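Below is one structure; the comments refer to it alone.
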Amino acid sequence: MIKEAINYLSSPLYSFTAFIFLFWLALKRIDVVGTKKFGLGLLIFTVTVFGWMITDKVFFSIISLPDNIPIIILNGLVFWSTWYALYKGHQNDLRIAKGEGPIEGTPENREKVWAWPNLVYTELFCGILCTVFLIVWAIFFKAPLEEPANPTWAPNPAKAPWYFLGLQEMLVYFDPWMAGVVLPGLIVVGLIAIPFLDINPKGNGYFTFAERKFAIAGFLFGWIVLWVFLIQIGTFLRGPNWTFYGPFEYWDAHKVVAENNINLSEIFWIKLFNTSLPKNIFVREIFGIIAVFGYMFGFLPLIMKKWGKNYINRMGTIRYYLMIFLILGMMSLPIKMYLRWFINLKYVLAMPEFELNL
Amino acid sequence: MSEEAKTSLNRREFFSFLAVGWITFGAAVAGFASLIFRFLYPNVVFEPAMDFVAGYPDQYPEGVDERWKNGFGVWIYKKDGRLVAMSNICTHLGCIPTWLPAESKFKCPCHGSGYYPNGINFEGPAPRPLERYKISLNAEGKIIVDKTKVFRYEKGEWSNDGAFIEV
């Protein structure tokens with residue numbers, strides 16, 4: 001009963017929405033999240049739930065695949081380090097509010113030590129430990145040896161390496177040009193651009209949350225919600241034919257899911273206007289073109305009115321528009337996901353004649 | 001000439017050394033690049049032929065036939081007196097969909113694109129229907145499938161000559 005409820009609720013629509021909500025709540029109530037009590041409680045809760053879940057045969061068979069074990073480790077590390085940074089930030093915020101300054105700035109913490117040998121020895125030791133870990137790993141978990149590659153056959157489900165499963169999950173909602181080239185390119189370029197975009201000296205050398213709310217929330221949204229969480233869905237909840245399966249659901253290759261995706265042009269011309277699609281593709285896709293340009297440029301005056309002046313004064317015009325462009329690019333993913341879930345939208349702009357689908 | 005001047009280079013010697021150095025370096029890089037380029041063209045390529053003989057049209061039952069899928073990557077589909085040769089490459093990102101007889105659809109294992117038996121896309125992210133290959137009959141009355149010529153639905157090519165044969 002509980003397991004069925006979990007299966008049902010972990011469908012991408014519910015779990016993604018719930019995760020966004022929890023993410024928002026965690027940053028909103030940083031005074032609760034940023035305490036040791038909360039961190040300990042979360043750890044105990046997670047370990048208990050996880051321990052209960054692995055007693056389930058189906059769930060255990062999924063998570064114990066050699067490919068999936070790194071993701072379990074990743075989960076622990078990512079959420080621990082995120083919580084730890086928020087905790088440190090919150091402790092500093094409390095100190096700053098009292099006028100004491102960040103803990104990193106106290107006289108005893110300002111003492112300096114030599115990189116050699118203090119840092120280099122630690123690095124060497126970590127390097128050795130990592131090598132040992134990898135060797136032990138390679139002994140225990142063999143890389144599966146499969147039959148020779150056959151260009152006319154694909155395994156089912158065909159999964160990318162675990163660190164790319166977020167990308168693969170993204171590809172469910174986008175054309176390969178978009179999710180395979182443009183958006184990953186934006187991620188890489190955007191990460192490279194951070195030192196150029198972010199000229200706010202707050203938080204340099206010390207943890208803080210209150211002073212850097214927007215930057216931290218924006219980065220964590222892209223990283224935790226859009227990358228790490230999609231890896232979870234792609235890994236644990238996608239089975240044969242890339243169909244969604246709950247964590248306790250047997251991967252039945254014949255699970256039937258009613259899904260009939262349509263393009264925006266079909267919604268407008270066929271459903272609303274009751275006519276056939278126009279022959280000219282630019283007339284056919286006019287609503288998609290309007291929607292895409294509206295999304296890229298229509299929000300600009302709105303954002304400008306609310307935050308723009310303040311940000312432009314601080315960052316400069318080029319940095320501001322670059323940042324808005326990156327944020328709009330990032331937000332196109334959750335928007336497209338919800339459009340797919342709610343109105344079965346395949347593509348906003350569908351021009352397969354030019355291999356252009358957005 | 002003093003002793004010191006002999007041990008160092010004069011301007012002319014310096015430039016000739018420089019030229020020799022650069023020419024050697026350039027030749028080495030060009031040679032290495034040509035090796036890499038040659039490496040892109042293997043001596044033997046184990047690829048199935050781009051065209052093949054697929055037997056007589058009356059050997060095929062109504063619906064989707066999988067017999068050439070593993071060897072040549074082609075599904076033969078017969079419906080309403082027309083026989084077509086369908087590509088087995090998903091139009092989304094080039095995975096190989098699976099034919100599910102029970103559900104009567106093609107389903108891609110990579111991102112969940114689904115196609116009707118005639119190749120029209122309806123599920124998942126696939127932007128356009130499966131491509132069709134040129135199909136014709138030879139003098140003996142056998143089917144010839146030519147994968148070098150592709151017919152795309154969104155360009156209105158499925159009713160072109162060679163996209164199907166009447167049976």
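Letters A, B, ... go to the chains of the structure tokens in the order shown; residues in each chain start at 1; ligands are counted from 1 in the same order.
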Identify, on the basis of only C-alpha atoms, every residue whose closest approach to segment 154-163 of chain A does not exceed 9 Å; exclude the query and any residue fewer than 4 positions from it along the same chain; express the result as a PyMOL selection string.
(chain A and resi 67-68+70-71+149-150+167-168+228+231+234-235+238-243+253) or (chain B and resi 95-98+108-111)
Convert the current residue selection to file output with N, CA and C atoms, as a PDB file, in the first residue's frame.
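Okay, again_31.pdb is ready:
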```pdb
ATOM      1  N   ASP A  67      26.526  -0.210 -12.162  1.00  0.00           N
ATOM      2  CA  ASP A  67      26.473   1.150 -12.685  1.00  0.00           C
ATOM      3  C   ASP A  67      25.778   2.109 -11.731  1.00  0.00           C
ATOM      4  N   ASN A  68      24.895   1.581 -10.880  1.00  0.00           N
ATOM      5  CA  ASN A  68      24.060   2.465 -10.072  1.00  0.00           C
ATOM      6  C   ASN A  68      24.652   2.752  -8.706  1.00  0.00           C
ATOM      7  N   PRO A  70      27.612   3.981  -7.909  1.00  0.00           N
ATOM      8  CA  PRO A  70      28.209   5.322  -7.788  1.00  0.00           C
ATOM      9  C   PRO A  70      27.175   6.407  -7.533  1.00  0.00           C
ATOM     10  N   ILE A  71      25.955   6.201  -8.024  1.00  0.00           N
ATOM     11  CA  ILE A  71      24.950   7.245  -7.846  1.00  0.00           C
ATOM     12  C   ILE A  71      24.481   7.287  -6.405  1.00  0.00           C
ATOM     13  N   ALA A 149      29.462  -5.230 -30.640  1.00  0.00           N
ATOM     14  CA  ALA A 149      28.504  -4.183 -30.975  1.00  0.00           C
ATOM     15  C   ALA A 149      27.817  -4.511 -32.296  1.00  0.00           C
ATOM     16  N   ASN A 150      26.522  -4.268 -32.322  1.00  0.00           N
ATOM     17  CA  ASN A 150      25.741  -4.535 -33.520  1.00  0.00           C
ATOM     18  C   ASN A 150      24.982  -3.262 -33.872  1.00  0.00           C
ATOM     19  N   LEU A 167      21.335  14.180 -18.746  1.00  0.00           N
ATOM     20  CA  LEU A 167      21.237  14.633 -20.137  1.00  0.00           C
ATOM     21  C   LEU A 167      20.255  13.767 -20.913  1.00  0.00           C
ATOM     22  N   GLN A 168      20.351  12.444 -20.663  1.00  0.00           N
ATOM     23  CA  GLN A 168      19.475  11.551 -21.410  1.00  0.00           C
ATOM     24  C   GLN A 168      18.017  11.792 -21.034  1.00  0.00           C
ATOM     25  N   VAL A 228      21.267  16.753 -10.816  1.00  0.00           N
ATOM     26  CA  VAL A 228      21.347  15.587  -9.935  1.00  0.00           C
ATOM     27  C   VAL A 228      20.009  14.855  -9.875  1.00  0.00           C
ATOM     28  N   ILE A 231      19.312  12.876 -12.916  1.00  0.00           N
ATOM     29  CA  ILE A 231      20.118  11.650 -12.936  1.00  0.00           C
ATOM     30  C   ILE A 231      19.402  10.556 -12.145  1.00  0.00           C
ATOM     31  N   GLY A 234      16.554   9.277 -14.283  1.00  0.00           N
ATOM     32  CA  GLY A 234      17.067   8.499 -15.403  1.00  0.00           C
ATOM     33  C   GLY A 234      17.631   7.161 -14.959  1.00  0.00           C
ATOM     34  N   THR A 235      18.223   7.113 -13.774  1.00  0.00           N
ATOM     35  CA  THR A 235      18.864   5.886 -13.324  1.00  0.00           C
ATOM     36  C   THR A 235      17.878   4.898 -12.731  1.00  0.00           C
ATOM     37  N   ARG A 238      13.712   4.771 -14.753  1.00  0.00           N
ATOM     38  CA  ARG A 238      13.455   4.566 -16.181  1.00  0.00           C
ATOM     39  C   ARG A 238      13.844   3.147 -16.541  1.00  0.00           C
ATOM     40  N   GLY A 239      12.893   2.390 -17.065  1.00  0.00           N
ATOM     41  CA  GLY A 239      13.144   1.001 -17.383  1.00  0.00           C
ATOM     42  C   GLY A 239      13.069   0.757 -18.881  1.00  0.00           C
ATOM     43  N   PRO A 240      12.687  -0.446 -19.277  1.00  0.00           N
ATOM     44  CA  PRO A 240      12.603  -0.766 -20.700  1.00  0.00           C
ATOM     45  C   PRO A 240      11.768   0.253 -21.469  1.00  0.00           C
ATOM     46  N   ASN A 241      12.214   0.536 -22.680  1.00  0.00           N
ATOM     47  CA  ASN A 241      11.560   1.519 -23.551  1.00  0.00           C
ATOM     48  C   ASN A 241      11.531   2.913 -22.946  1.00  0.00           C
ATOM     49  N   TRP A 242      12.394   3.148 -21.961  1.00  0.00           N
ATOM     50  CA  TRP A 242      12.486   4.437 -21.276  1.00  0.00           C
ATOM     51  C   TRP A 242      11.143   4.834 -20.680  1.00  0.00           C
ATOM     52  N   THR A 243      10.366   3.812 -20.294  1.00  0.00           N
ATOM     53  CA  THR A 243       9.100   4.066 -19.619  1.00  0.00           C
ATOM     54  C   THR A 243       9.387   4.331 -18.159  1.00  0.00           C
ATOM     55  N   ALA A 253       8.468  -5.038 -19.552  1.00  0.00           N
ATOM     56  CA  ALA A 253       8.704  -4.378 -20.848  1.00  0.00           C
ATOM     57  C   ALA A 253       7.403  -4.068 -21.578  1.00  0.00           C
TER      58      ALA A 253
ATOM     59  N   CYS B  95      18.977   5.860 -32.087  1.00  0.00           N
ATOM     60  CA  CYS B  95      18.988   4.539 -31.472  1.00  0.00           C
ATOM     61  C   CYS B  95      18.193   3.575 -32.357  1.00  0.00           C
ATOM     62  N   ILE B  96      18.148   2.309 -31.928  1.00  0.00           N
ATOM     63  CA  ILE B  96      17.432   1.301 -32.699  1.00  0.00           C
ATOM     64  C   ILE B  96      16.161   0.940 -31.951  1.00  0.00           C
ATOM     65  N   PRO B  97      14.994   1.349 -32.431  1.00  0.00           N
ATOM     66  CA  PRO B  97      13.755   0.991 -31.737  1.00  0.00           C
ATOM     67  C   PRO B  97      13.505  -0.513 -31.775  1.00  0.00           C
ATOM     68  N   THR B  98      12.662  -0.954 -30.833  1.00  0.00           N
ATOM     69  CA  THR B  98      12.266  -2.356 -30.761  1.00  0.00           C
ATOM     70  C   THR B  98      10.857  -2.477 -31.329  1.00  0.00           C
ATOM     71  N   CYS B 108      11.439   3.137 -28.920  1.00  0.00           N
ATOM     72  CA  CYS B 108      12.880   3.328 -28.843  1.00  0.00           C
ATOM     73  C   CYS B 108      13.352   3.168 -27.396  1.00  0.00           C
ATOM     74  N   PRO B 109      14.402   2.365 -27.141  1.00  0.00           N
ATOM     75  CA  PRO B 109      14.850   2.137 -25.770  1.00  0.00           C
ATOM     76  C   PRO B 109      15.626   3.305 -25.164  1.00  0.00           C
ATOM     77  N   CYS B 110      15.993   4.307 -25.973  1.00  0.00           N
ATOM     78  CA  CYS B 110      16.851   5.368 -25.439  1.00  0.00           C
ATOM     79  C   CYS B 110      16.055   6.491 -24.788  1.00  0.00           C
ATOM     80  N   HIS B 111      15.031   7.014 -25.485  1.00  0.00           N
ATOM     81  CA  HIS B 111      14.281   8.130 -24.924  1.00  0.00           C
ATOM     82  C   HIS B 111      12.778   7.926 -25.054  1.00  0.00           C
TER      83      HIS B 111
END
```
Residues near Pro127 of chain B, anyone? I mean within 8 Å using only C-alpha atoms, not counting same-chain ones fewer than 3 positions away, as number ranges by chain.
A: 175, 346-347, 350, 352, 357; B: 91-92, 121
Output file for the selection above: N, CA and C atoms, as a CSV table (one decimal), in the first residue's frame:
```
chain,number,residue,atom,x,y,z
A,175,ASP,N,14.6,18.0,-28.7
A,175,ASP,CA,15.3,17.5,-29.8
A,175,ASP,C,16.8,17.4,-29.5
A,346,LYS,N,4.8,18.1,-27.8
A,346,LYS,CA,6.1,17.5,-28.3
A,346,LYS,C,7.1,18.6,-28.5
A,347,TYR,N,6.8,19.5,-29.5
A,347,TYR,CA,7.7,20.6,-29.8
A,347,TYR,C,6.9,21.9,-29.9
A,350,ALA,N,8.3,23.2,-34.4
A,350,ALA,CA,8.6,21.9,-35.0
A,350,ALA,C,8.9,22.1,-36.5
A,352,PRO,N,10.9,19.9,-38.7
A,352,PRO,CA,11.8,18.7,-39.0
A,352,PRO,C,12.4,18.9,-40.4
A,357,ASN,N,13.9,21.8,-34.1
A,357,ASN,CA,12.7,21.6,-33.2
A,357,ASN,C,13.1,22.1,-31.8
B,91,THR,N,14.4,8.6,-35.4
B,91,THR,CA,14.7,10.0,-35.9
B,91,THR,C,15.0,11.0,-34.8
B,92,HIS,N,15.0,10.5,-33.6
B,92,HIS,CA,15.3,11.4,-32.5
B,92,HIS,C,16.8,11.5,-32.4
B,121,ASN,N,5.5,8.8,-36.2
B,121,ASN,CA,5.8,9.0,-34.8
B,121,ASN,C,4.6,9.5,-34.0
```
Write out as a list in words which residues come within 10 Å of Gly203 of chain A when counting only C-alpha atoms, dropping same-chain ones fewer than 4 positions away.
Gly89, Pro102, Phe207, Thr208, Phe209, Ala210, Glu211 and Arg212 of chain A
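You will find atom CA of Ser159 of chain B at 14.4 Å from atom CA of Ile120 of chain B.
Distance annotation: of A:Tyr321, A:Trp341, A:Phe196, A:Phe273, the residue with the minimal separation from chain B is A:Trp341; atom set is only C-alpha atoms.
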Residues of chain B near chain A: apply a cut-off of 10 Å, count only C-alpha atoms, and supply the list as number ranges by chain.
B: 47-48, 68-74, 88-89, 91-98, 100, 102-103, 106-114, 121-129, 152-155
Can you tell me, as a PyMOL selection string, which residues in segment 20-163 of chain B count as helix (DSSP H, G or I) by DSSP?
chain B and resi 20-39+57-59+69-72+153-155
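Proximity to Leu83 of chain B at 7 Å, evaluated using only C-alpha atoms and with sequence-adjacent residues fewer than 4 positions away removed, yields Ile76, Tyr77, Lys78, Lys79, Phe164, Ile165, Glu166 and Val167 of chain B.
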Trp24 of chain A environment, 12 Å, only C-alpha atoms, sequence neighbours closer than 4 positions dropped, as a ChimeraX atom specification
/A:17-20,28-30,33,213,216-218,220-221,224-225
By how many Å are atom CA of Met53 of chain A and atom CA of Pro144 of chain A apart?
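Atom CA of Met53 of chain A sits 25.9 Å away from atom CA of Pro144 of chain A.
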Taking 3 positions as the minimum chain separation for residues in the same chain, which residues sit within 12 Å of Leu43 of chain A when counting only C-alpha atoms? Answer as an NGL selection string.
:A and (36-40 or 46-51 or 75-77 or 79-80 or 83)
Quote the spacing between atom CA of Leu165 of chain A and atom CA of Leu230 of chain A in Å to one decimal place.
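Value for the atom CA of Leu165 of chain A-atom CA of Leu230 of chain A distance: 7.2 Å.
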Selected residue of minimal separation from Gly34 of chain A among A:Tyr338, A:Phe164, A:Phe236, A:Tyr84, counting only C-alpha atoms:
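The answer is A:Tyr84, which sits nearest to Gly34 of chain A.
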Residues at most 7 Å from segment 133-145 of chain B, counting only C-alpha atoms, excluding those fewer than 6 positions away in the same chain, as JSON, numbers by chain?
{"B": [51, 52, 53, 54, 55, 56, 57, 84, 85, 86, 87, 151, 162, 163, 164, 165]}
